[in-house]
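One structure is given below, encoded as structure tokens.
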Protein chains: 2
Amino acid sequence: MLVVALVALLTGVEVRGQEATKTIAERLGYSRDAKLLIVHADDLGMAHSVNAATMKALETGLVNSGSIMVPCPWLSEIATYARANPKADLGLHLTLTSEWTSFRWGPVSSRDRVSSLLDKDGYFKLTETDAAAQADPKQVEMEIMAQIERARALGIQPTHLDSHMGTLYQNKELFETLLRVARSQKLPVRVAKTWFTQADFVASVLKPNDVYIDRVLDINPSVAPQDWAKFYSDELKKLEPGVTEVVIHLAYDDAEMRAATSDHPNWGAAWRQRDFEFFTSDAFRKVLQENNIKLITWREIGKLIK
Amino acid sequence: MLVVALVALLTGVEVRGQEATKTIAERLGYSRDAKLLIVHADDLGMAHSVNAATMKALETGLVNSGSIMVPCPWLSEIATYARANPKADLGLHLTLTSEWTSFRWGPVSSRDRVSSLLDKDGYFKLTETDAAAQADPKQVEMEIMAQIERARALGIQPTHLDSHMGTLYQNKELFETLLRVARSQKLPVRVAKTWFTQADFVASVLKPNDVYIDRVLDINPSVAPQDWAKFYSDELKKLEPGVTEVVIHLAYDDAEMRAATSDHPNWGAAWRQRDFEFFTSDAFRKVLQENNIKLITWREIGKLIK
């Protein structure tokens, strides 16, 4: 028995050793030089405008993944979509902030159990830095588990996890909490290899069996509205091999979204309409084709988790 | 001292006796035959579309009162309006139901303290009958006090109270709870004399110092959309003297509101647009003038409470 166990252990080590030399693209069954892209819409459930634009974009197949904010008022609408589209690549956008001033939300857990996450009015805090600075990691773990449980209770089978406004990437303790929950749920998390050099705690928290992608691409407020399509097209034309997630924010530039984001042009209504227009366009489809970019999902990545 | 106290007591009784013979119109300083109307928009805070349409209608002066749903996602937008318009006649639309299936909300209190108010997903229940049947009155009192406290913390100074979907009028215990809270806050409540014959507990719960109006007028689903203006005009033309509250529901027939109310045409997006159109119209202004109907507010009624 001891010998068998020892052989199994050594084999395991060897397999992990072999796996470690393979790129994530290779582990997924693609060649080392394949350019693989997840086109991921954040913030589902936040507002009807977000849900409507993202569901429309998912229909095109050009946007092929998204994540859901469980504490938000329009969760039920997107849960209905998730139940009707069980193959959709929908994860959870774990939420610990409520960033718009006209339109707010709070925790799934009982408020008195997660008081470190709340502002004076009982909502989540406005910024990720305030949220991270004051959050008790035990309360964070309780709340994100409650979000996962509520999602499952509504018939959402999440394929992955990420963190709204990056709150759970703000410090080592919160990142460890996110990874611990993700491992317990056997779900992949938005973590990119390029982050290892940006925050020194990232590599130290990861364990050999954790799965991560190569890079995350997103637009930022320095890009002028008229340069939106050019920015994305240029980035995709020079896309490096491996797995890239392009993180986008879809909604319509309508009354609801303008009111929600009125004091906040970054990631606001017009921003989201521009993202919607580019990522549902023939121009985007053509860039994918001409540059040999293949779309993949978090569902595929999740299969690597044992 | 005993004599002074006795005289004071007798005087008090006498004043109350005199007051009791006066109509509410007379107590407000109007003649017995004055036709007094509160034009009251429910559901503020529920959605941006509701807030936007109601704020627009309040600007006309033809709609002159409204009440706010504290647990709802767009509370913050209407709280900003309330702080900027401290003379606006805004009350609280105490909320124990979450009736739309795509778009939900839950309690202000910690969920584990008000479990009798929740559905299996942690939201308020869909219907007022389910909510009333299962609600623990102590939990109801805690939750409605929490709603009042949160409103005040956000700078809303409520002029009156009423109950979303009439949940707090469903049985004697809940009605007693509403009245007890209202008395403690010295706020008038939507209660009409005509209800005394409709629910036998109403008169038995009221105390001599409680203030109530004569009647509440609202439209119902049996009125065809094309008869909307005619219904309201006809009702106003035959308005009886005393204090009437016409309870209306304003919003725009837009994407947000259509999605929120998609499975629920009654009190839906088109319904609310029709209410908005009539109550901001010249036709309504003309009916008021031609029928000598004077608009009053809950703020005036509240002054009768000692």
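Ligands are numbered from 1 in the order shown, chains are lettered A, B, ... in the order of the structure tokens, and residues start at 1 in each chain.
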
Exercise: segment 150-154 of chain B partners within 9 Å, only C-alpha atoms, chain neighbours under 4 positions left out, as a PyMOL selection string: (chain A and resi 120-122) or (chain B and resi 68+70+75-76+79-80+83+92+108+145-146+158)

Using only C-alpha atoms, which residues of chain A come within 10 Å of chain B, and what is the closest atom pair for each, with the distance in Å to one decimal? Give it as CSV, sorted by chain and residue number.
```
residue,atom,partner,partner_atom,distance
A:Gly45,CA,B:Phe103,CA,9.1
A:Ala47,CA,B:Glu256,CA,8.4
A:His48,CA,B:Glu256,CA,6.0
A:Ser49,CA,B:Glu256,CA,7.1
A:Ala52,CA,B:Ala259,CA,9.2
A:Pro71,CA,B:Trp105,CA,9.5
A:Cys72,CA,B:Pro73,CA,8.4
A:Pro73,CA,B:Arg104,CA,5.4
A:Trp74,CA,B:Phe103,CA,4.7
A:Leu75,CA,B:Phe103,CA,7.0
A:Ser76,CA,B:Ser102,CA,4.8
A:Glu77,CA,B:Ser102,CA,4.3
A:Ile78,CA,B:Ser102,CA,8.0
A:Ala79,CA,B:Ser102,CA,8.7
A:Thr80,CA,B:Ser102,CA,8.0
A:Trp100,CA,B:Ser76,CA,9.5
A:Thr101,CA,B:Ser76,CA,6.8
A:Ser102,CA,B:Glu77,CA,4.3
A:Phe103,CA,B:Trp74,CA,4.7
A:Arg104,CA,B:Pro73,CA,5.4
A:Trp105,CA,B:Pro73,CA,6.3
A:Gly106,CA,B:Val108,CA,9.4
A:Pro107,CA,B:Ser110,CA,9.7
A:Val108,CA,B:Gly122,CA,7.8
A:Ser109,CA,B:Arg111,CA,7.2
A:Ser110,CA,B:Ser110,CA,4.5
A:Arg111,CA,B:Ser110,CA,4.6
A:Asp112,CA,B:Ser110,CA,5.8
A:Arg113,CA,B:Ser110,CA,8.2
A:Val114,CA,B:Ser110,CA,9.7
A:Lys120,CA,B:Ala153,CA,8.8
A:Asp121,CA,B:Arg150,CA,6.8
A:Gly122,CA,B:Val108,CA,7.8
A:Tyr123,CA,B:Val108,CA,9.6
A:Glu149,CA,B:Asp121,CA,9.9
A:Arg150,CA,B:Asp121,CA,6.8
A:Ala151,CA,B:Asp121,CA,9.4
A:Ala153,CA,B:Asp121,CA,7.3
A:Leu154,CA,B:Asp121,CA,7.6
A:Asp254,CA,B:Ala255,CA,8.5
A:Ala255,CA,B:Ser49,CA,7.9
A:Glu256,CA,B:His48,CA,6.0
A:Met257,CA,B:His48,CA,9.1
A:Arg258,CA,B:His48,CA,9.9
A:Ala259,CA,B:His48,CA,7.1
A:Ala260,CA,B:His48,CA,8.1
```

Legend entry - alpha helix (DSSP H) call set, DSSP backbone run, segment 38-257 of chain A, as a PyMOL selection string: chain A and resi 48-60+75-84+128-134+137-153+172-185+200-205+228-237+255-257

If you count only C-alpha atoms, the residue of A:Gln185, A:Glu277, A:Ala132, A:Thr197 closest to Lys172 of chain A turns out to be A:Ala132

inquiry  = Using only C-alpha atoms, which protein or nucleic acid residues come within 10 Å of Pro241 of chain A? Drop anything in the same chain fewer than 6 positions from it, and give the result as number ranges by chain.
reply    = A: 25, 31-37, 214, 293

If I take atom CA of Leu187 of chain B and atom CA of Val140 of chain B, how far is one from the other in Å, to one decimal?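 Computed distance, atom CA of Leu187 of chain B to atom CA of Val140 of chain B, equals 17.6 Å.
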
Report task. Write out as a PyMOL selection string which residues come within 8 Å of Leu96 of chain B when counting only C-alpha atoms, dropping same-chain ones fewer than 3 positions away. Result -> chain B and resi 107+117+124-125+128+131+164+167

Item checked: Nearest to Thr54 of chain A by atom-to-atom distance, counting only C-alpha atoms, from A:Leu304, A:Ala41, A:Leu217, A:Leu28 ->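 Of the candidates, the smallest distance to Thr54 of chain A is held by A:Ala41.
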
Exercise for the section: Considering only C-alpha atoms, return as JSON, numbers by chain whatever protein or nucleic-acid residues lie within 6 Å of Asp253 of chain A, sequence-local ones (same chain, fewer than 2 positions apart) excluded. Expected result: {"A": [269, 270, 273]}

- [ ] Kindly indicate which residue among A:Asp282, A:Asp43, A:Glu290, A:Glu300 lies nearest to Thr60 of chain A, using only C-alpha atoms for the distances.
- [x]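 Nearest candidate to Thr60 of chain A out of A:Asp282, A:Asp43, A:Glu290, A:Glu300: A:Asp282.
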